[in-house]
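Novice: Contents are compact mmCIF, C-alpha atoms; file name coords18.txt:
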```
# COMPACT_ATOMS: atom_id res chain seq x y z
CA MET M 1 33.45 -14.11 17.31
CA ARG M 2 35.02 -10.70 16.90
CA VAL M 3 34.97 -10.28 13.10
CA GLY M 4 36.91 -7.61 11.22
CA ILE M 5 35.67 -6.60 7.76
CA LEU M 6 37.83 -4.77 5.22
CA SER M 7 35.99 -3.37 2.22
CA TYR M 8 36.88 -0.59 -0.20
CA HIS M 9 33.17 0.22 -0.64
CA PHE M 10 30.46 0.11 2.01
CA PRO M 11 26.93 1.52 2.36
CA PRO M 12 25.66 4.12 1.63
CA GLU M 13 27.53 3.13 -1.52
CA PRO M 14 25.80 0.32 -3.49
CA ALA M 15 27.91 -2.31 -1.70
CA PHE M 16 25.23 -4.66 -0.46
CA ILE M 17 27.48 -7.75 -0.16
CA PRO M 18 29.79 -6.39 2.57
CA GLY M 19 27.02 -4.21 4.00
CA SER M 20 24.43 -6.95 4.39
CA LEU M 21 27.08 -9.43 5.57
CA ALA M 22 28.13 -7.04 8.36
CA GLU M 23 24.53 -6.49 9.45
CA GLU M 24 23.68 -10.20 9.36
CA LEU M 25 26.78 -11.29 11.27
CA ALA M 26 26.01 -8.66 13.93
CA ALA M 27 22.41 -9.88 14.09
CA ARG M 28 23.72 -13.41 14.68
CA GLY M 29 25.58 -12.24 17.76
CA HIS M 30 29.08 -11.56 16.44
CA GLU M 31 30.94 -8.33 17.20
CA VAL M 32 31.71 -6.77 13.81
CA ARG M 33 34.22 -4.01 13.03
CA VAL M 34 34.31 -2.59 9.51
CA LEU M 35 37.26 -0.69 8.05
CA THR M 36 36.38 1.18 4.86
CA GLY M 37 36.67 4.50 3.01
CA PHE M 38 34.38 7.47 2.56
CA PRO M 39 31.61 6.96 0.01
CA ASP M 40 32.45 8.13 -3.52
CA TYR M 41 31.11 5.45 -5.92
CA PRO M 42 30.31 5.66 -8.81
CA GLY M 43 31.23 9.28 -9.51
CA GLY M 44 34.61 9.30 -7.78
CA HIS M 45 33.63 12.28 -5.61
CA VAL M 46 32.83 12.07 -1.91
CA TYR M 47 29.06 12.14 -1.38
CA PRO M 48 27.42 15.45 -0.41
CA GLY M 49 27.22 15.84 3.33
CA TRP M 50 30.36 13.75 3.93
CA ARG M 51 33.81 15.12 4.73
CA GLN M 52 36.96 12.99 4.77
CA ARG M 53 38.70 12.98 8.14
CA TRP M 54 40.70 10.56 10.25
CA ARG M 55 38.45 10.06 13.23
CA HIS M 56 35.12 8.99 11.77
CA LEU M 57 33.44 6.22 13.74
CA THR M 58 29.81 5.05 13.79
CA ARG M 59 28.48 2.46 16.23
CA SER M 60 25.38 0.37 16.70
CA GLU M 61 24.90 -2.43 19.24
CA ARG M 62 27.34 -4.93 17.68
CA LEU M 63 28.53 -3.12 14.55
CA THR M 64 31.25 -0.46 14.38
CA VAL M 65 32.31 1.24 11.13
CA ARG M 66 35.62 3.13 10.89
CA ARG M 67 36.16 5.20 7.74
CA VAL M 68 39.58 6.36 6.56
CA PRO M 69 40.50 8.94 3.89
CA ARG M 70 41.49 7.99 0.35
CA TYR M 71 42.16 9.87 -2.86
CA ALA M 72 38.94 10.68 -4.69
CA GLY M 73 40.02 11.76 -8.17
CA GLY M 74 36.76 11.43 -10.01
CA ASP M 75 38.16 11.29 -13.57
CA GLY M 76 38.11 7.49 -13.89
CA SER M 77 41.62 7.30 -15.33
CA THR M 78 44.00 4.45 -14.55
CA GLY M 79 46.27 6.83 -12.66
CA ALA M 80 43.43 8.17 -10.53
CA ARG M 81 42.24 4.65 -9.71
CA MET M 82 45.74 3.57 -8.71
CA ALA M 83 46.17 6.68 -6.55
CA SER M 84 42.92 5.86 -4.80
CA HIS M 85 43.97 2.22 -4.24
CA LEU M 86 47.37 3.17 -2.83
CA SER M 87 46.04 5.98 -0.64
CA PHE M 88 43.44 3.62 0.82
CA ALA M 89 46.18 1.09 1.55
CA GLY M 90 48.24 3.77 3.29
CA SER M 91 45.30 4.85 5.43
CA VAL M 92 44.49 1.25 6.34
CA ALA M 93 48.13 0.67 7.31
CA MET M 94 47.99 3.67 9.66
CA VAL M 95 44.90 2.61 11.60
CA GLY M 96 44.44 -1.09 10.88
CA ARG M 97 46.82 -2.59 13.45
CA ARG M 98 45.17 -0.85 16.40
CA TYR M 99 41.57 -1.01 15.15
CA LEU M 100 41.63 -4.73 14.18
CA ALA M 101 44.36 -6.05 16.48
CA ASP M 102 42.11 -8.20 18.70
CA VAL M 103 39.65 -9.58 16.13
CA ASP M 104 39.34 -13.36 15.92
CA VAL M 105 39.14 -13.40 12.11
CA LEU M 106 39.34 -10.91 9.24
CA TYR M 107 36.96 -10.97 6.24
CA VAL M 108 38.06 -9.06 3.14
CA PHE M 109 35.69 -8.14 0.33
CA GLN M 110 38.41 -8.63 -2.25
CA LEU M 111 38.21 -6.27 -5.21
CA PRO M 112 41.36 -5.11 -7.04
CA ALA M 113 40.94 -1.80 -5.19
CA THR M 114 41.39 -3.61 -1.86
CA THR M 115 44.51 -5.57 -2.86
CA PHE M 116 47.27 -3.31 -1.51
CA ALA M 117 45.34 -2.65 1.71
CA THR M 118 44.90 -6.42 2.17
CA ALA M 119 48.62 -7.01 1.70
CA ALA M 120 49.38 -4.37 4.34
CA LEU M 121 46.96 -5.87 6.86
CA LEU M 122 48.27 -9.42 6.32
CA ARG M 123 51.74 -8.18 7.18
CA MET M 124 50.64 -6.14 10.20
CA LEU M 125 48.10 -8.43 11.82
CA GLY M 126 50.26 -11.52 11.47
CA ARG M 127 48.42 -14.16 13.45
CA VAL M 128 44.86 -13.02 12.60
CA PRO M 129 43.31 -15.58 10.20
CA THR M 130 41.93 -14.09 7.00
CA VAL M 131 39.14 -15.04 4.59
CA LEU M 132 39.11 -13.32 1.19
CA HIS M 133 35.80 -13.10 -0.68
CA VAL M 134 37.29 -12.78 -4.17
CA GLN M 135 35.22 -10.81 -6.69
CA ASP M 136 37.68 -10.32 -9.56
CA LEU M 137 40.85 -12.21 -10.50
CA TRP M 138 42.03 -9.97 -13.33
CA PRO M 139 43.13 -6.63 -11.90
CA GLU M 140 45.66 -5.86 -14.65
CA GLU M 141 43.26 -6.43 -17.53
CA GLU M 142 42.97 -3.53 -19.93
CA MET M 143 40.83 -3.49 -23.07
CA THR M 144 40.95 -1.26 -26.10
CA GLY M 145 37.93 0.86 -26.91
CA ASP M 146 36.40 -1.80 -29.15
CA GLY M 147 37.28 -4.61 -26.76
CA ALA M 148 39.28 -6.39 -29.45
CA GLN M 149 42.51 -6.68 -27.54
CA ARG M 150 43.34 -7.50 -23.96
CA GLN M 151 46.56 -7.07 -22.08
CA ARG M 152 47.32 -8.72 -18.79
CA GLY M 153 50.79 -8.06 -17.57
CA PRO M 154 52.84 -8.87 -14.49
CA GLY M 155 52.09 -5.45 -13.02
CA ARG M 156 52.37 -4.54 -9.39
CA LEU M 157 48.66 -4.99 -8.75
CA ALA M 158 48.49 -8.46 -10.33
CA THR M 159 51.63 -9.60 -8.54
CA THR M 160 50.31 -8.38 -5.18
CA MET M 161 46.93 -10.02 -5.85
CA ARG M 162 48.58 -13.41 -6.44
CA ARG M 163 50.62 -13.11 -3.27
CA VAL M 164 47.56 -12.16 -1.22
CA LEU M 165 45.57 -15.12 -2.58
CA ARG M 166 48.32 -17.53 -1.56
CA GLU M 167 48.79 -16.01 1.91
CA ALA M 168 45.14 -15.92 2.99
CA ASP M 169 43.87 -18.74 5.20
CA ALA M 170 40.78 -19.30 3.01
CA LEU M 171 39.19 -17.97 -0.16
CA ALA M 172 35.50 -17.65 -0.99
CA VAL M 173 35.05 -17.36 -4.77
CA THR M 174 31.90 -16.27 -6.56
CA ALA M 175 31.62 -19.01 -9.18
CA PRO M 176 32.79 -22.61 -9.76
CA SER M 177 34.97 -21.66 -12.72
CA MET M 178 36.66 -18.96 -10.64
CA ARG M 179 37.63 -21.75 -8.24
CA ASP M 180 39.31 -23.58 -11.13
CA LEU M 181 41.25 -20.44 -12.06
CA VAL M 182 42.42 -19.95 -8.47
CA LEU M 183 43.55 -23.57 -8.22
CA ALA M 184 45.42 -23.24 -11.52
CA ASP M 185 47.24 -20.26 -9.99
CA GLY M 186 48.65 -22.48 -7.24
CA VAL M 187 46.21 -22.08 -4.34
CA ASP M 188 45.51 -25.25 -2.30
CA ALA M 189 42.11 -26.76 -3.07
CA ASP M 190 41.15 -27.24 0.59
CA ARG M 191 41.36 -23.46 1.13
CA VAL M 192 38.87 -22.51 -1.59
CA ARG M 193 35.07 -22.58 -1.34
CA VAL M 194 32.39 -21.35 -3.75
CA VAL M 195 30.08 -18.71 -2.22
CA LEU M 196 27.76 -17.23 -4.83
CA ASN M 197 26.99 -13.55 -4.39
CA TRP M 198 23.52 -12.52 -3.30
CA THR M 199 21.53 -9.43 -4.22
CA ASP M 200 19.87 -6.68 -2.20
CA GLU M 201 16.79 -8.59 -1.09
CA ARG M 202 15.22 -5.50 0.46
CA ILE M 203 14.79 -4.23 -3.11
CA PHE M 204 14.81 -7.18 -5.49
CA GLN M 205 11.66 -9.19 -4.87
CA PRO M 206 8.77 -10.29 -7.10
CA VAL M 207 6.29 -7.45 -7.65
CA ARG M 208 3.42 -6.66 -9.98
CA PRO M 209 4.23 -3.93 -12.52
CA SER M 210 2.45 -0.63 -12.14
CA ARG M 211 0.62 0.94 -15.05
CA ALA M 212 3.41 3.52 -15.25
CA ALA M 213 6.08 0.82 -15.51
CA GLN M 214 4.08 -0.98 -18.19
CA GLY M 215 3.77 2.22 -20.20
CA PHE M 216 7.45 2.96 -19.76
CA VAL M 217 8.66 -0.45 -20.98
CA ARG M 218 6.07 -1.86 -23.36
CA ARG M 219 4.61 -0.85 -26.71
CA ASP M 220 2.49 -2.53 -29.39
CA GLY M 221 2.24 -5.85 -27.55
CA ARG M 222 5.72 -6.98 -28.60
CA CYS M 223 7.90 -9.30 -26.57
CA VAL M 224 10.23 -7.14 -24.45
CA VAL M 225 13.78 -8.20 -23.62
CA MET M 226 15.47 -5.86 -21.13
CA HIS M 227 19.16 -5.43 -20.30
CA ALA M 228 19.62 -3.46 -17.08
CA GLY M 229 23.07 -2.34 -16.00
CA THR M 230 26.42 -1.33 -17.40
CA ILE M 231 26.87 -0.80 -21.14
CA GLY M 232 30.56 -1.66 -21.18
CA VAL M 233 33.24 -3.66 -22.93
CA ARG M 234 32.62 -6.84 -20.96
CA GLN M 235 28.93 -6.97 -21.86
CA GLY M 236 29.35 -6.87 -25.64
CA LEU M 237 25.89 -5.41 -26.23
CA GLU M 238 26.57 -4.92 -29.94
CA THR M 239 25.66 -8.62 -30.24
CA ALA M 240 22.25 -7.97 -28.68
CA VAL M 241 21.60 -4.98 -30.96
CA ARG M 242 22.37 -7.03 -34.07
CA ALA M 243 20.12 -9.84 -32.84
CA ALA M 244 17.25 -7.46 -32.12
CA ALA M 245 17.67 -5.70 -35.48
CA ALA M 246 17.12 -9.04 -37.21
CA LEU M 247 13.71 -9.32 -35.48
CA ASP M 248 12.43 -5.76 -35.90
CA GLY M 249 8.66 -5.84 -35.53
CA ARG M 250 8.59 -8.89 -33.27
CA THR M 251 10.84 -8.13 -30.26
CA ASP M 252 11.83 -4.94 -28.45
CA LEU M 253 15.25 -4.66 -26.81
CA VAL M 254 15.27 -2.12 -23.96
CA LEU M 255 18.69 -1.13 -22.61
CA VAL M 256 18.46 0.51 -19.17
CA GLY M 257 21.69 2.06 -17.93
CA SER M 258 24.86 3.63 -19.26
CA GLY M 259 28.57 3.02 -19.55
CA ALA M 260 31.74 3.49 -21.54
CA GLU M 261 30.37 1.73 -24.64
CA GLU M 262 27.00 3.44 -24.74
CA ARG M 263 27.93 5.76 -27.62
CA ARG M 264 29.25 2.85 -29.69
CA VAL M 265 26.14 0.73 -29.05
CA ARG M 266 23.81 3.63 -29.83
CA GLY M 267 25.74 4.24 -33.03
CA LEU M 268 25.33 0.64 -34.13
CA ALA M 269 21.58 0.73 -33.46
CA ALA M 270 21.30 3.87 -35.57
CA GLU M 271 23.44 2.37 -38.33
CA LEU M 272 21.24 -0.75 -38.46
CA ARG M 273 18.07 1.38 -38.22
CA ALA M 274 16.97 -0.83 -35.34
CA ASP M 275 13.87 1.06 -34.25
CA ASN M 276 13.04 -1.75 -31.83
CA VAL M 277 16.15 -0.98 -29.74
CA ARG M 278 15.43 1.64 -27.08
CA PHE M 279 17.81 3.26 -24.60
CA VAL M 280 16.67 4.33 -21.13
CA GLU M 281 18.84 6.32 -18.76
CA ARG M 282 20.10 4.74 -15.56
CA ARG M 283 17.36 4.29 -12.97
CA SER M 284 17.45 3.95 -9.20
CA PRO M 285 17.69 0.32 -8.01
CA VAL M 286 14.37 0.73 -6.18
CA ASP M 287 12.67 1.30 -9.55
CA MET M 288 14.06 -1.83 -11.16
CA PRO M 289 11.79 -4.62 -9.83
CA GLU M 290 8.74 -2.98 -11.41
CA LEU M 291 10.61 -2.51 -14.69
CA TYR M 292 11.73 -6.16 -14.55
CA ALA M 293 8.11 -7.19 -14.04
CA ALA M 294 6.92 -5.06 -16.96
CA ALA M 295 9.38 -6.76 -19.35
CA ASP M 296 9.10 -10.38 -20.50
CA TYR M 297 12.77 -11.35 -20.09
CA GLN M 298 15.95 -10.03 -18.52
CA LEU M 299 19.05 -10.25 -20.72
CA VAL M 300 22.42 -11.18 -19.21
CA MET M 301 25.38 -10.59 -21.54
CA LEU M 302 29.07 -11.45 -21.21
CA ARG M 303 31.71 -11.50 -23.92
CA ASP M 304 33.57 -14.65 -24.92
CA LEU M 305 36.67 -14.14 -22.77
CA PRO M 306 38.25 -16.94 -20.68
CA GLU M 307 38.24 -14.93 -17.47
CA LEU M 308 34.54 -14.07 -17.81
CA ARG M 309 33.53 -17.73 -17.79
CA GLY M 310 34.16 -17.61 -14.05
CA THR M 311 32.06 -14.46 -13.60
CA VAL M 312 28.39 -14.34 -12.59
CA PRO M 313 27.06 -10.79 -13.13
CA GLY M 314 25.03 -9.34 -10.29
CA LYS M 315 22.13 -8.69 -12.66
CA LEU M 316 21.54 -12.47 -12.81
CA GLN M 317 20.91 -12.73 -9.06
CA ALA M 318 18.70 -9.63 -9.18
CA ALA M 319 16.60 -11.07 -12.01
CA LEU M 320 16.25 -14.49 -10.39
CA ALA M 321 15.33 -12.92 -7.03
CA CYS M 322 12.55 -11.02 -8.82
CA ALA M 323 11.30 -14.21 -10.52
CA ALA M 324 12.11 -12.73 -13.93
CA PRO M 325 12.83 -15.18 -16.80
CA VAL M 326 16.35 -14.80 -18.19
CA ILE M 327 18.03 -14.94 -21.58
CA ALA M 328 21.77 -15.50 -21.07
CA SER M 329 24.23 -14.81 -23.87
CA ALA M 330 27.28 -16.00 -21.97
CA GLY M 331 29.55 -18.94 -21.37
CA GLY M 332 30.69 -20.77 -18.28
CA ASP M 333 28.91 -20.44 -14.97
CA THR M 334 26.31 -17.86 -15.98
CA ALA M 335 24.80 -20.06 -18.68
CA GLU M 336 25.16 -23.14 -16.48
CA LEU M 337 23.21 -21.54 -13.62
CA VAL M 338 20.36 -20.49 -15.93
CA GLU M 339 20.17 -23.90 -17.59
CA ARG M 340 20.41 -25.86 -14.33
CA ALA M 341 17.63 -23.80 -12.77
CA ARG M 342 15.54 -24.00 -15.99
CA ALA M 343 15.01 -20.28 -15.47
CA GLY M 344 15.17 -19.19 -19.11
CA LEU M 345 17.14 -19.58 -22.34
CA SER M 346 20.85 -19.43 -23.07
CA CYS M 347 23.21 -19.34 -26.01
CA PRO M 348 26.97 -18.98 -26.61
CA PRO M 349 28.38 -15.45 -26.23
CA GLU M 350 29.09 -13.09 -29.14
CA ASP M 351 26.89 -15.03 -31.60
CA TRP M 352 24.22 -12.60 -32.78
CA ALA M 353 22.47 -15.06 -35.11
CA THR M 354 21.98 -17.63 -32.35
CA LEU M 355 20.88 -14.90 -29.94
CA ALA M 356 18.35 -13.72 -32.52
CA ASP M 357 17.03 -17.27 -32.62
CA ARG M 358 16.66 -17.23 -28.81
CA PHE M 359 14.85 -13.88 -29.01
CA TRP M 360 12.45 -15.38 -31.57
CA LEU M 361 11.91 -18.51 -29.46
CA ALA M 362 11.37 -16.37 -26.35
CA SER M 363 8.63 -14.42 -28.14
CA THR M 364 6.70 -17.67 -28.82
CA ILE M 365 6.66 -18.91 -25.21
CA PRO M 366 3.26 -18.43 -23.50
CA ALA M 367 2.98 -16.20 -20.44
CA ALA M 368 2.23 -19.15 -18.14
CA ALA M 369 5.44 -20.91 -19.19
CA ARG M 370 7.42 -17.68 -18.67
CA SER M 371 5.98 -17.40 -15.17
CA GLU M 372 7.07 -20.96 -14.45
CA MET M 373 10.61 -20.11 -15.59
CA GLY M 374 10.60 -17.18 -13.19
CA ARG M 375 9.30 -19.31 -10.32
CA ARG M 376 12.04 -21.91 -10.84
CA GLY M 377 14.66 -19.18 -11.02
CA ARG M 378 13.53 -17.65 -7.73
CA GLU M 379 13.58 -21.08 -6.06
CA ALA M 380 17.16 -21.59 -7.29
CA TYR M 381 18.11 -18.15 -5.99
CA LEU M 382 16.70 -18.83 -2.53
CA ARG M 383 18.39 -22.21 -2.40
CA GLU M 384 21.85 -21.34 -3.76
CA MET M 385 22.40 -17.56 -3.88
CA SER M 386 20.32 -15.90 -1.17
CA LEU M 387 21.59 -13.75 1.69
CA ARG M 388 20.90 -16.52 4.18
CA ALA M 389 22.67 -19.18 2.10
CA GLY M 390 25.67 -16.93 1.44
CA VAL M 391 26.10 -15.73 5.02
CA ASP M 392 25.75 -19.30 6.30
CA ARG M 393 28.70 -20.31 4.11
CA VAL M 394 30.81 -17.28 4.97
CA GLU M 395 30.12 -17.66 8.69
CA ASP M 396 31.10 -21.32 8.55
CA LEU M 397 34.32 -20.42 6.74
CA LEU M 398 35.15 -17.73 9.31
CA ASN M 399 34.57 -20.21 12.13
CA GLN M 400 36.76 -22.83 10.49
CA VAL M 401 39.79 -20.61 9.94
CA ALA M 402 39.48 -19.04 13.41
CA LEU M 403 39.39 -22.46 15.10
CA ALA M 404 42.20 -23.80 12.92
CA ARG M 405 44.46 -20.89 13.85
CA ARG M 406 43.70 -21.32 17.58
CA SER M 407 44.57 -25.02 17.47
CA ARG M 408 48.05 -24.42 16.06
```
Would you mind giving the structure from this file in C-alpha cells?
Specialist:
Amino acid sequence: MRVGILSYHFPPEPAFIPGSLAEELAARGHEVRVLTGFPDYPGGHVYPGWRQRWRHLTRSERLTVRRVPRYAGGDGSTGARMASHLSFAGSVAMVGRRYLADVDVLYVFQLPATTFATAALLRMLGRVPTVLHVQDLWPEEEMTGDGAQRQRGPGRLATTMRRVLREADALAVTAPSMRDLVLADGVDADRVRVVLNWTDERIFQPVRPSRAAQGFVRRDGRCVVMHAGTIGVRQGLETAVRAAAALDGRTDLVLVGSGAEERRVRGLAAELRADNVRFVERRSPVDMPELYAAADYQLVMLRDLPELRGTVPGKLQAALACAAPVIASAGGDTAELVERARAGLSCPPEDWATLADRFWLASTIPAAARSEMGRRGREAYLREMSLRAGVDRVEDLLNQVALARRSR
C-alpha cells in the first residue's frame, strides 16, 4: 500500500510510536509518506541545527518525510499551544492535498495537537480512508494548580475532536476503557479496535545494572521504588510521598524526572521530613534501563479521574519491556494490565495508606519472586504491547479500511 502518516511529532523528537510504525511499515514493503512539523519537543523551540522552511524533504528507499512550519512559542501557555496547533493545521492544509493525494490510506497519530490538521485533511482528501490512532480523548481538560478542579467545556478543540472521531473510517485506541468512552460518544463499535502502545525497544530491554547505576539509586540496602517520568497533575505523586514517609527507614522512593508539580511534591516531602524520598533530575532515555534494573520496583501513578481509567502511561510499557516489577497506584486499565500479567502489585489511586501497605509488602518479597514478576511482565509485553504486535494490528486495520473503501 501507499500509506500516508500525519503526526504532530516525529523523530528526532521522542515520538517512537509514529516513528517506529513508519520504519516498520516501510520495512514490510509499503510506501510510506510522513507529514509532520519541525522538531521542538519538549522545550517548544526548534532543535539546534534545524531551520523551519517550506521545502524540507528527506527520503530513504520506501520512506519519505515532509516537514512543514508551525509556530514554536516555547512558553507552554494555552495560547502558545493553540497557536502551534492552528499553524500546523494551516501548513498541512497548504501542502497536504498534493503530498498525500494518491495514498491508499491515511494513518493519523491522533493527539489534541493534530486535531485541526486532521479535520483539514479529511475535508481535502475526501475519498482517502483514514485510521486514527487516538492517544488522548480530553483535549479541553484544564486543571488547577493543585489538581482539585477540572473543567471540560464544549470548546473548539473538543468539538472538532468529536467530529473527527465520527468521520474517520476506523479508530485504534490505546486501552479497553478508552474504547468504552469512544463508544459512549457515539462512534460505531465495528470501527474501533484496541491497539496498545509499544515502547522504544531499541532502548528498553532487560539489562544488568552497572556499579554506577547501583550507587546512584541504592543506599543502605533498602527496598527502592522508582518513579521515572513526569511529575505532573495527572500523576498525583503527593500520594506516593505520603506513603513513603510512613515507611521511612524501610523503603526509598526515588523520583526521576521533572514537571509542573515538582515544586509542590518537593515541598510536601520537606514538610513531612521524608528523608527516604529522593529527587533525581531528568535523565536521557538511554540511561533508564540501567536505573530500572538498579531499583526493585517501578511505580506507575495515575490520579482517580474517570478519563484516566482509559489511559495506560508509557512508563508501564517501558518497565514491562525491561522486565522490571511494577507497583501501580491507578484504576482502570493500568491496574488491570499489571494484575492480569501478575507483573507486580496494585492498589486504588490516591489512597496513600493502601499504597504504603503495598510498599511494605513489596519490601518483603524475595529477589527471586521479584524476578519472576519481571519475567511475566516482559512476556505480557511481548505478547500484547510489543512493536510487532502493535504494527500487526495497525497494518491489518489499514488494509481493512483501504479494501472497504475500494469495494464501495
Novice: Could you check the closest approach to Ile231 (chain M) for each of M:Ala243, M:Val187, M:Met178, M:Leu255 and tell me which residue wins, using only C-alpha atoms?
Specialist: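 When distances to Ile231 (chain M) are compared using only C-alpha atoms, the smallest one comes from M:Leu255.
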Novice: Can you pull out the residues contacting Met301 (chain M)? Cut-off 9 Å, using all atoms listed in the file, and skip same-chain residues under 2 positions away; I want them as a list of chain:residue names.
Specialist: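 So the residues in contact are M:His227, M:Arg234, M:Gln235, M:Gly236, M:Leu237, M:Thr239, M:Ala240, M:Leu299, M:Arg303, M:Pro313, M:Ile327, M:Ala328, M:Ser329, M:Ala330, M:Pro349, M:Glu350.
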Novice: Nearest residue to Gln214 (chain M) out of M:Leu183, M:Leu291, M:Leu272, M:Val300, using all atoms listed in the file?
Specialist: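 Checking each candidate against Gln214 (chain M), we get M:Leu291 as the closest.
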Novice: For region 181-262 of chain M versus region 11-25 of chain M, which residues have an atom no more than 10 Å away, and what is each residue's nearest atom pair and distance in Å rounded to one decimal, using all atoms listed in the file, chain-then-number order, as a tab-separated table?
Specialist:
```
residue	atom	partner	partner_atom	distance
M:Asn197	CA	M:Ile17	CA	7.2
M:Trp198	CA	M:Ile17	CA	6.9
M:Thr199	CA	M:Phe16	CA	7.1
M:Asp200	CA	M:Phe16	CA	6.0
M:Glu201	CA	M:Phe16	CA	9.3
```
Novice: Need the neighbours of (8.2, -8.1, -14.0): which residues are at most 10 Å away, counting only C-alpha atoms, as a short mmCIF file (atom, residue, chain, number, x, y, z; two decimals) with C-alpha atoms, in the coordinates of the input?
Specialist:
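Below is the file that was written, result.cif:
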```
data_model
loop_
_atom_site.label_atom_id
_atom_site.label_comp_id
_atom_site.auth_asym_id
_atom_site.auth_seq_id
_atom_site.Cartn_x
_atom_site.Cartn_y
_atom_site.Cartn_z
CA GLN M 205 11.66 -9.19 -4.87
CA PRO M 206 8.77 -10.29 -7.10
CA VAL M 207 6.29 -7.45 -7.65
CA ARG M 208 3.42 -6.66 -9.98
CA PRO M 209 4.23 -3.93 -12.52
CA SER M 210 2.45 -0.63 -12.14
CA ALA M 213 6.08 0.82 -15.51
CA GLN M 214 4.08 -0.98 -18.19
CA MET M 288 14.06 -1.83 -11.16
CA PRO M 289 11.79 -4.62 -9.83
CA GLU M 290 8.74 -2.98 -11.41
CA LEU M 291 10.61 -2.51 -14.69
CA TYR M 292 11.73 -6.16 -14.55
CA ALA M 293 8.11 -7.19 -14.04
CA ALA M 294 6.92 -5.06 -16.96
CA ALA M 295 9.38 -6.76 -19.35
CA ASP M 296 9.10 -10.38 -20.50
CA TYR M 297 12.77 -11.35 -20.09
CA GLN M 298 15.95 -10.03 -18.52
CA ALA M 319 16.60 -11.07 -12.01
CA CYS M 322 12.55 -11.02 -8.82
CA ALA M 323 11.30 -14.21 -10.52
CA ALA M 324 12.11 -12.73 -13.93
CA PRO M 325 12.83 -15.18 -16.80
CA SER M 371 5.98 -17.40 -15.17
CA GLY M 374 10.60 -17.18 -13.19
#
```
Novice: Please list as an MDAnalysis selection string every residue within 12 Å of Val192 (chain M), counting only C-alpha atoms and excluding residues in the same chain fewer than 2 positions away.
Specialist: chainID M and resid 131:134 165:166 168:184 186:190 194:195 393:394 397 401
Novice: May I ask which of the residues M:Met1, M:Ala335, M:Leu308, M:Ala245 is the closest one to Val32 (chain M), counting only C-alpha atoms?
Specialist: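 Closest residue, counting only C-alpha atoms: M:Met1.
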Novice: Closest to His45 (chain M) among M:Thr230, M:Thr78, M:Ser84, M:Gln135, using only C-alpha atoms?
Specialist: M:Ser84
Novice: Select, from M:Arg2, M:Arg97, M:Arg211, M:Arg81, the residue with the minimum atom-to-atom distance to Arg62 (chain M), counting only C-alpha atoms.
Specialist: M:Arg2
Novice: One number please: CA of Asp185 (chain M) to CA of Leu302 (chain M), in Å, one decimal.
Specialist: 23.1 Å
Novice: Would you mind telling me which residue in M:Thr115, M:Arg55, M:Tyr71, M:Val108 lies nearest to Val95 (chain M) when using all atoms listed in the file?
Specialist: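 For Val95 (chain M), the nearest of the candidates is M:Arg55.
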Novice: Using CA of Leu6 (chain M) and CA of Ser386 (chain M) as the two end points, give the distance in Å to one decimal.
Specialist: 21.7 Å
Novice: One decimal, Å: what's the distance from CA of Val256 (chain M) over to CA of Ala228 (chain M), could you say?
Specialist: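 That distance, rounded to one decimal, is 4.6 Å.
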Novice: If I wrap all listed atoms of region 333-345 of chain M in a box with edges along x, y and z and add 8 Å on each side, what are its centre and edge lengths in Å to one decimal, as JSON?
Specialist:
```
{"center_x": 22.0, "center_y": -21.9, "center_z": -17.6, "size_x": 29.9, "size_y": 24.0, "size_z": 25.6}
```
Novice: So which residues are close to (37.5, -18.5, 17.1), meaning at most 12 Å away in the file's coordinates with only C-alpha atoms counted, and can you show them as a PyMOL selection string?
Specialist: chain M and resi 1-3+30+102-106+128-130+395-407
Novice: What lies within 12 Å of Ala246 (chain M) using all atoms listed in the file, ignoring chain neighbours under 2 positions off, as a ChimeraX atom specification?
Specialist: /M:239-244,248-253,269,272-277,352-360
Novice: Deliver the residues from the most recent selection as a file, using C-alpha atoms, as a CSV table (one decimal), keeping the file's coordinate frame.
Specialist:
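out19.csv written:
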```csv
chain,number,residue,atom,x,y,z
M,239,THR,CA,25.7,-8.6,-30.2
M,240,ALA,CA,22.2,-8.0,-28.7
M,241,VAL,CA,21.6,-5.0,-31.0
M,242,ARG,CA,22.4,-7.0,-34.1
M,243,ALA,CA,20.1,-9.8,-32.8
M,244,ALA,CA,17.2,-7.5,-32.1
M,248,ASP,CA,12.4,-5.8,-35.9
M,249,GLY,CA,8.7,-5.8,-35.5
M,250,ARG,CA,8.6,-8.9,-33.3
M,251,THR,CA,10.8,-8.1,-30.3
M,252,ASP,CA,11.8,-4.9,-28.4
M,253,LEU,CA,15.2,-4.7,-26.8
M,269,ALA,CA,21.6,0.7,-33.5
M,272,LEU,CA,21.2,-0.8,-38.5
M,273,ARG,CA,18.1,1.4,-38.2
M,274,ALA,CA,17.0,-0.8,-35.3
M,275,ASP,CA,13.9,1.1,-34.2
M,276,ASN,CA,13.0,-1.8,-31.8
M,277,VAL,CA,16.2,-1.0,-29.7
M,352,TRP,CA,24.2,-12.6,-32.8
M,353,ALA,CA,22.5,-15.1,-35.1
M,354,THR,CA,22.0,-17.6,-32.4
M,355,LEU,CA,20.9,-14.9,-29.9
M,356,ALA,CA,18.4,-13.7,-32.5
M,357,ASP,CA,17.0,-17.3,-32.6
M,358,ARG,CA,16.7,-17.2,-28.8
M,359,PHE,CA,14.8,-13.9,-29.0
M,360,TRP,CA,12.4,-15.4,-31.6
```
Novice: What would region 331-335 of chain M look like with N, CA and C atoms restored, written as an mmCIF file, keeping the file's coordinate frame?
Specialist:
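Done, and the output landed in result.cif:
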```cif
data_model
loop_
_atom_site.group_PDB
_atom_site.id
_atom_site.type_symbol
_atom_site.label_atom_id
_atom_site.label_comp_id
_atom_site.auth_asym_id
_atom_site.auth_seq_id
_atom_site.Cartn_x
_atom_site.Cartn_y
_atom_site.Cartn_z
ATOM 1 N N GLY M 331 29.010 -17.609 -21.543
ATOM 2 C CA GLY M 331 29.550 -18.940 -21.370
ATOM 3 C C GLY M 331 29.730 -19.259 -19.903
ATOM 4 N N GLY M 332 30.287 -20.423 -19.634
ATOM 5 C CA GLY M 332 30.690 -20.770 -18.280
ATOM 6 C C GLY M 332 29.559 -20.820 -17.296
ATOM 7 N N ASP M 333 29.816 -20.274 -16.103
ATOM 8 C CA ASP M 333 28.910 -20.440 -14.970
ATOM 9 C C ASP M 333 27.577 -19.732 -15.138
ATOM 10 N N THR M 334 27.562 -18.589 -15.809
ATOM 11 C CA THR M 334 26.310 -17.860 -15.980
ATOM 12 C C THR M 334 25.297 -18.696 -16.739
ATOM 13 N N ALA M 335 25.697 -19.216 -17.891
ATOM 14 C CA ALA M 335 24.800 -20.060 -18.680
ATOM 15 C C ALA M 335 24.442 -21.337 -17.927
#
```
